[in-house]
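J.: For reference, this is coords.cif, and it has mmCIF, C-alpha atoms.
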data_structure
#
loop_
_atom_site.group_PDB
_atom_site.id
_atom_site.type_symbol
_atom_site.label_atom_id
_atom_site.label_comp_id
_atom_site.auth_asym_id
_atom_site.auth_seq_id
_atom_site.Cartn_x
_atom_site.Cartn_y
_atom_site.Cartn_z
ATOM 1 C CA MET A 1 101.880 131.714 54.073
ATOM 2 C CA PRO A 2 100.608 128.169 54.796
ATOM 3 C CA ARG A 3 96.907 127.532 54.437
ATOM 4 C CA PRO A 4 95.020 127.017 57.690
ATOM 5 C CA ARG A 5 93.973 123.457 58.473
ATOM 6 C CA GLU A 6 90.484 122.595 57.342
ATOM 7 C CA PHE A 7 90.091 119.740 59.804
ATOM 8 C CA GLU A 8 90.368 119.033 63.498
ATOM 9 C CA PRO A 9 93.302 116.702 64.275
ATOM 10 C CA GLU A 10 91.325 114.987 67.070
ATOM 11 C CA GLN A 11 88.500 114.141 64.663
ATOM 12 C CA VAL A 12 91.036 112.761 62.200
ATOM 13 C CA LEU A 13 92.584 110.696 65.000
ATOM 14 C CA ASP A 14 89.181 109.341 66.021
ATOM 15 C CA ALA A 15 88.369 108.295 62.445
ATOM 16 C CA ALA A 16 91.831 106.802 61.916
ATOM 17 C CA MET A 17 91.645 104.976 65.246
ATOM 18 C CA ARG A 18 88.337 103.375 64.243
ATOM 19 C CA ARG A 19 89.736 102.348 60.851
ATOM 20 C CA PHE A 20 92.884 100.796 62.359
ATOM 21 C CA TRP A 21 90.680 99.083 64.957
ATOM 22 C CA GLU A 22 88.453 97.624 62.236
ATOM 23 C CA ARG A 23 91.160 96.560 59.787
ATOM 24 C CA GLY A 24 94.511 96.515 61.567
ATOM 25 C CA TYR A 25 97.620 98.467 60.704
ATOM 26 C CA ARG A 26 98.807 96.470 57.713
ATOM 27 C CA ALA A 27 95.415 96.167 56.029
ATOM 28 C CA THR A 28 94.734 99.896 56.355
ATOM 29 C CA SER A 29 96.101 101.874 53.431
ATOM 30 C CA ILE A 30 96.563 105.621 53.122
ATOM 31 C CA GLU A 31 93.579 105.534 50.741
ATOM 32 C CA ASP A 32 91.506 103.899 53.503
ATOM 33 C CA LEU A 33 92.572 106.655 55.896
ATOM 34 C CA VAL A 34 91.696 109.331 53.335
ATOM 35 C CA LYS A 35 88.208 107.813 52.973
ATOM 36 C CA ALA A 36 87.759 107.436 56.725
ATOM 37 C CA THR A 37 88.991 110.903 57.637
ATOM 38 C CA GLY A 38 88.043 112.945 54.582
ATOM 39 C CA VAL A 39 91.551 114.435 54.673
ATOM 40 C CA LYS A 40 93.873 114.383 51.658
ATOM 41 C CA PRO A 41 97.140 112.422 51.878
ATOM 42 C CA GLY A 42 99.313 115.540 51.838
ATOM 43 C CA SER A 43 97.380 116.993 54.758
ATOM 44 C CA ILE A 44 97.681 113.740 56.700
ATOM 45 C CA TYR A 45 101.447 113.740 56.173
ATOM 46 C CA SER A 46 101.625 117.420 57.098
ATOM 47 C CA ALA A 47 99.585 117.033 60.284
ATOM 48 C CA PHE A 48 101.196 113.733 61.253
ATOM 49 C CA PRO A 49 104.849 113.735 60.193
ATOM 50 C CA GLY A 50 105.701 110.111 59.607
ATOM 51 C CA GLY A 51 102.440 109.454 57.780
ATOM 52 C CA LYS A 52 100.494 106.264 58.351
ATOM 53 C CA ARG A 53 102.782 104.921 61.095
ATOM 54 C CA ALA A 54 102.730 108.189 63.039
ATOM 55 C CA LEU A 55 98.953 108.336 62.701
ATOM 56 C CA PHE A 56 98.737 104.733 63.910
ATOM 57 C CA LEU A 57 100.871 105.394 66.993
ATOM 58 C CA LYS A 58 98.813 108.508 67.811
ATOM 59 C CA SER A 59 95.662 106.403 67.335
ATOM 60 C CA LEU A 60 96.958 103.859 69.857
ATOM 61 C CA GLU A 61 97.575 106.655 72.356
ATOM 62 C CA ARG A 62 94.097 108.047 71.738
ATOM 63 C CA TYR A 63 92.548 104.605 72.215
ATOM 64 C CA SER A 64 94.423 104.282 75.516
ATOM 65 C CA LYS A 65 93.043 107.609 76.711
ATOM 66 C CA LEU A 66 89.457 107.339 75.446
ATOM 67 C CA VAL A 67 88.425 103.704 75.088
ATOM 68 C CA VAL A 68 90.480 101.896 77.730
ATOM 69 C CA PRO A 69 89.010 103.863 80.670
ATOM 70 C CA GLN A 70 85.507 102.946 79.480
ATOM 71 C CA LYS A 71 86.465 99.270 79.306
ATOM 72 C CA LEU A 72 88.146 99.315 82.715
ATOM 73 C CA GLY A 73 85.126 100.976 84.290
ATOM 74 C CA GLU A 74 84.987 100.586 88.058
ATOM 75 C CA LEU A 75 88.026 98.276 88.028
ATOM 76 C CA ASP A 76 90.115 101.453 87.865
ATOM 77 C CA GLY A 77 88.399 102.874 90.972
ATOM 78 C CA PRO A 78 89.996 103.096 94.426
ATOM 79 C CA GLY A 79 87.524 100.692 96.059
ATOM 80 C CA ALA A 80 87.662 98.018 93.361
ATOM 81 C CA SER A 81 87.627 94.427 94.531
ATOM 82 C CA VAL A 82 86.825 91.005 93.107
ATOM 83 C CA ALA A 83 83.359 92.137 91.946
ATOM 84 C CA GLU A 84 84.925 94.803 89.738
ATOM 85 C CA VAL A 85 87.406 92.294 88.305
ATOM 86 C CA ARG A 86 84.461 90.050 87.469
ATOM 87 C CA GLY A 87 82.593 93.040 86.040
ATOM 88 C CA TYR A 88 85.527 93.749 83.739
ATOM 89 C CA PHE A 89 85.461 90.165 82.431
ATOM 90 C CA ASP A 90 81.682 90.183 82.065
ATOM 91 C CA GLY A 91 82.022 93.394 80.027
ATOM 92 C CA LEU A 92 84.552 91.705 77.741
ATOM 93 C CA VAL A 93 82.164 88.822 77.140
ATOM 94 C CA ARG A 94 79.272 91.207 76.407
ATOM 95 C CA ASP A 95 81.450 93.114 73.960
ATOM 96 C CA LEU A 96 82.631 89.966 72.201
ATOM 97 C CA LEU A 97 79.035 88.847 71.677
ATOM 98 C CA SER A 98 78.201 92.025 69.738
ATOM 99 C CA PRO A 99 79.148 92.577 66.080
ATOM 100 C CA GLU A 100 81.214 95.678 66.843
ATOM 101 C CA GLY A 101 82.782 93.974 69.860
ATOM 102 C CA ARG A 102 84.171 91.217 67.648
ATOM 103 C CA GLN A 103 86.693 93.775 66.453
ATOM 104 C CA GLY A 104 88.295 93.075 69.802
ATOM 105 C CA CYS A 105 90.650 95.526 71.454
ATOM 106 C CA LEU A 106 92.891 97.720 69.318
ATOM 107 C CA LEU A 107 95.769 97.122 71.724
ATOM 108 C CA VAL A 108 95.355 93.333 71.724
ATOM 109 C CA ASN A 109 95.022 93.371 67.939
ATOM 110 C CA THR A 110 98.211 95.439 67.776
ATOM 111 C CA ALA A 111 100.034 93.017 70.076
ATOM 112 C CA ILE A 112 99.165 90.183 67.721
ATOM 113 C CA GLU A 113 99.858 92.023 64.476
ATOM 114 C CA ASP A 114 102.715 94.430 65.166
ATOM 115 C CA ALA A 115 104.309 94.273 68.607
ATOM 116 C CA ALA A 116 106.977 91.727 67.686
ATOM 117 C CA GLU A 117 108.250 93.997 64.907
ATOM 118 C CA ASP A 118 107.464 97.510 66.129
ATOM 119 C CA ASP A 119 109.106 98.584 69.376
ATOM 120 C CA GLU A 120 106.996 101.738 69.714
ATOM 121 C CA ALA A 121 103.723 99.867 69.255
ATOM 122 C CA ALA A 122 104.962 97.203 71.681
ATOM 123 C CA ALA A 123 105.719 99.907 74.267
ATOM 124 C CA VAL A 124 102.141 101.218 74.042
ATOM 125 C CA VAL A 125 100.779 97.674 74.422
ATOM 126 C CA ARG A 126 103.068 97.016 77.405
ATOM 127 C CA GLY A 127 101.839 100.215 79.016
ATOM 128 C CA HIS A 128 98.246 99.068 78.602
ATOM 129 C CA LEU A 129 98.991 95.622 80.027
ATOM 130 C CA ALA A 130 100.818 97.153 82.995
ATOM 131 C CA ARG A 131 97.860 99.451 83.669
ATOM 132 C CA LEU A 132 95.432 96.530 83.552
ATOM 133 C CA GLU A 133 97.690 94.424 85.769
ATOM 134 C CA ASN A 134 98.009 97.247 88.309
ATOM 135 C CA CYS A 135 94.223 97.675 88.449
ATOM 136 C CA MET A 136 93.720 93.951 88.947
ATOM 137 C CA THR A 137 96.491 93.689 91.545
ATOM 138 C CA ARG A 138 94.968 96.506 93.609
ATOM 139 C CA ALA A 139 91.481 94.993 93.323
ATOM 140 C CA LEU A 140 92.649 91.518 94.288
ATOM 141 C CA ALA A 141 94.691 92.869 97.213
ATOM 142 C CA THR A 142 91.537 94.618 98.397
ATOM 143 C CA ALA A 143 89.610 91.359 97.998
ATOM 144 C CA VAL A 144 92.216 89.557 100.158
ATOM 145 C CA ARG A 145 91.946 92.234 102.894
ATOM 146 C CA ARG A 146 88.144 91.993 102.837
ATOM 147 C CA GLY A 147 88.162 88.202 102.963
ATOM 148 C CA GLU A 148 86.402 87.922 99.588
ATOM 149 C CA VAL A 149 88.989 85.472 98.252
ATOM 150 C CA ARG A 150 91.109 82.802 99.887
ATOM 151 C CA PRO A 151 93.628 84.061 102.440
ATOM 152 C CA GLY A 152 97.183 84.322 101.187
ATOM 153 C CA LEU A 153 96.166 84.737 97.546
ATOM 154 C CA ASP A 154 99.118 86.181 95.605
ATOM 155 C CA ALA A 155 97.379 89.287 94.259
ATOM 156 C CA ALA A 156 100.179 90.260 91.854
ATOM 157 C CA GLY A 157 100.661 86.750 90.457
ATOM 158 C CA THR A 158 96.924 86.209 90.119
ATOM 159 C CA ALA A 159 96.564 89.591 88.405
ATOM 160 C CA ARG A 160 99.174 88.548 85.822
ATOM 161 C CA LEU A 161 97.229 85.357 85.170
ATOM 162 C CA MET A 162 93.967 87.314 84.917
ATOM 163 C CA VAL A 163 95.509 89.750 82.412
ATOM 164 C CA ALA A 164 96.732 86.844 80.290
ATOM 165 C CA THR A 165 93.284 85.270 80.519
ATOM 166 C CA ALA A 166 91.622 88.519 79.447
ATOM 167 C CA GLN A 167 93.916 88.835 76.434
ATOM 168 C CA GLY A 168 93.310 85.224 75.467
ATOM 169 C CA LEU A 169 89.579 85.657 75.944
ATOM 170 C CA MET A 170 89.572 88.502 73.424
ATOM 171 C CA VAL A 171 91.476 86.415 70.900
ATOM 172 C CA VAL A 172 89.165 83.410 71.371
ATOM 173 C CA GLY A 173 86.111 85.689 71.174
ATOM 174 C CA LYS A 174 87.135 87.037 67.780
ATOM 175 C CA ALA A 175 87.331 83.532 66.330
ATOM 176 C CA ASN A 176 84.600 81.823 68.371
ATOM 177 C CA PRO A 177 82.068 84.229 69.896
ATOM 178 C CA ASP A 178 80.191 81.412 71.605
ATOM 179 C CA GLU A 179 78.829 82.679 74.916
ATOM 180 C CA ALA A 180 79.122 79.307 76.653
ATOM 181 C CA VAL A 181 82.798 79.013 75.684
ATOM 182 C CA LEU A 182 83.593 82.573 76.770
ATOM 183 C CA ARG A 183 81.730 82.230 80.082
ATOM 184 C CA ALA A 184 83.493 78.927 80.794
ATOM 185 C CA ILE A 185 86.893 80.613 80.320
ATOM 186 C CA VAL A 186 85.920 83.365 82.754
ATOM 187 C CA ASP A 187 84.399 80.958 85.292
ATOM 188 C CA ASN A 188 87.555 78.851 85.287
ATOM 189 C CA ALA A 189 89.713 81.935 85.793
ATOM 190 C CA PHE A 190 87.716 82.816 88.920
ATOM 191 C CA ALA A 191 87.492 79.249 90.261
ATOM 192 C CA GLY A 192 90.936 79.481 91.835
ATOM 193 C CA LEU A 193 90.108 82.579 93.862
ATOM 194 C CA GLY A 194 87.779 80.838 96.291
#
The structure in this file should be written as structure tokens.

T.:
Amino acid sequence: MPRPREFEPEQVLDAAMRRFWERGYRATSIEDLVKATGVKPGSIYSAFPGGKRALFLKSLERYSKLVVPQKLGELDGPGASVAEVRGYFDGLVRDLLSPEGRQGCLLVNTAIEDAAEDDEAAAVVRGHLARLENCMTRALATAVRRGEVRPGLDAAGTARLMVATAQGLMVVGKANPDEAVLRAIVDNAFAGLG
């Protein structure tokens, strides 16, 4: 008879997610995951068939469900408009100015480190980018209807540009967390909405 698990898989996922977020997939070893989770390697492999990679992919999914909604905030709401898009960017800047925020976004970090070589990781990243783009498109379309931005603004095209700007902002913020630089990037992104 197999022994009952002595750990909660969700707690293991949370600890693994934080470790991958801090160090990246490649720099995180099984030993790092054992230290972070307190779970022995055999138990990790038993609970997550596929080992480190399976745990990483599950961590990406968990991040998408737990952290991304917090970061999106009101941008994901039905009445979101240009103010909520700006709030999202202001939140990114605030995060990047904090020590823990300099870790960036696990999904952006994954796009940089793994997406070109790992189709499953790339699919999770694409899902995140599509979600962000959809939120921004809806918000910008609302802003057009309300007259908060210039008439005829291409909400979908502008949302794509805003998503690319957000991703770039997070990369710049990891290397150069200078508030003036980050704010200038955001201000320039919004200058064309007028």

J.: Between atom CA of A:Ala111 and atom CA of A:Ala164, what is the distance, to one decimal in Å?

T.: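 Taking atom CA of A:Ala111 as the start and atom CA of A:Ala164 as the end point, the length is 12.4 Å.
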
J.: May I have a table of the residues of stretch 31-132 of chain A lying at most 10 Å from stretch 146-160 of chain A, giving each one's closest pair of atoms and their distance in Å to one decimal, counting all atoms listed in the file, ordered by chain and ascending residue number, as a tab-separated table?

T.:
residue	atom	partner	partner_atom	distance
A:Ser81	CA	A:Glu148	CA	8.3
A:Val82	CA	A:Glu148	CA	7.2
A:Ala83	CA	A:Glu148	CA	9.2
A:Val85	CA	A:Ala159	CA	9.5
A:Leu129	CA	A:Arg160	CA	9.1
A:Ala130	CA	A:Arg160	CA	9.2
A:Leu132	CA	A:Ala159	CA	8.5

J.: Evaluate the PyMOL selection byres ((chain A and resi 4-18) around 8) and record the selected residues as a list of chain:residue names, following the chain and residue labels used in the document.

T.: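 Against this file, the PyMOL selection byres ((chain A and resi 4-18) around 8) returns the residues A:Pro2, A:Arg3, A:Arg19, A:Phe20, A:Trp21, A:Glu22, A:Leu33, A:Ala36, A:Thr37, A:Val39, A:Ala47, A:Leu55, A:Phe56, A:Lys58, A:Ser59, A:Leu60, A:Arg62, A:Tyr63.
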
J.: How many Å separate atom CA of A:Asp118 from atom CA of A:Asn134?

T.: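 Spanning atom CA of A:Asp118 to atom CA of A:Asn134 is a straight-line distance of 24.1 Å.
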
J.: Could you check how far atom CA of A:Asp119 sits from atom CA of A:Lys71, in Å to one decimal?

T.: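 Spanning atom CA of A:Asp119 to atom CA of A:Lys71 is a straight-line distance of 24.7 Å.
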
J.: The PyMOL selection byres ((chain A and resi 96) around 12) on the file shown: which residues, as a PyMOL selection string?

T.: chain A and resi 89-95+97-105+166+169-179+181-183

J.: Of the residues A:Leu193, A:Val68, A:Leu140, A:Leu75, which is the one nearest to A:Leu107, using all atoms listed in the file?

T.: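 The answer is A:Val68, which sits nearest to A:Leu107.
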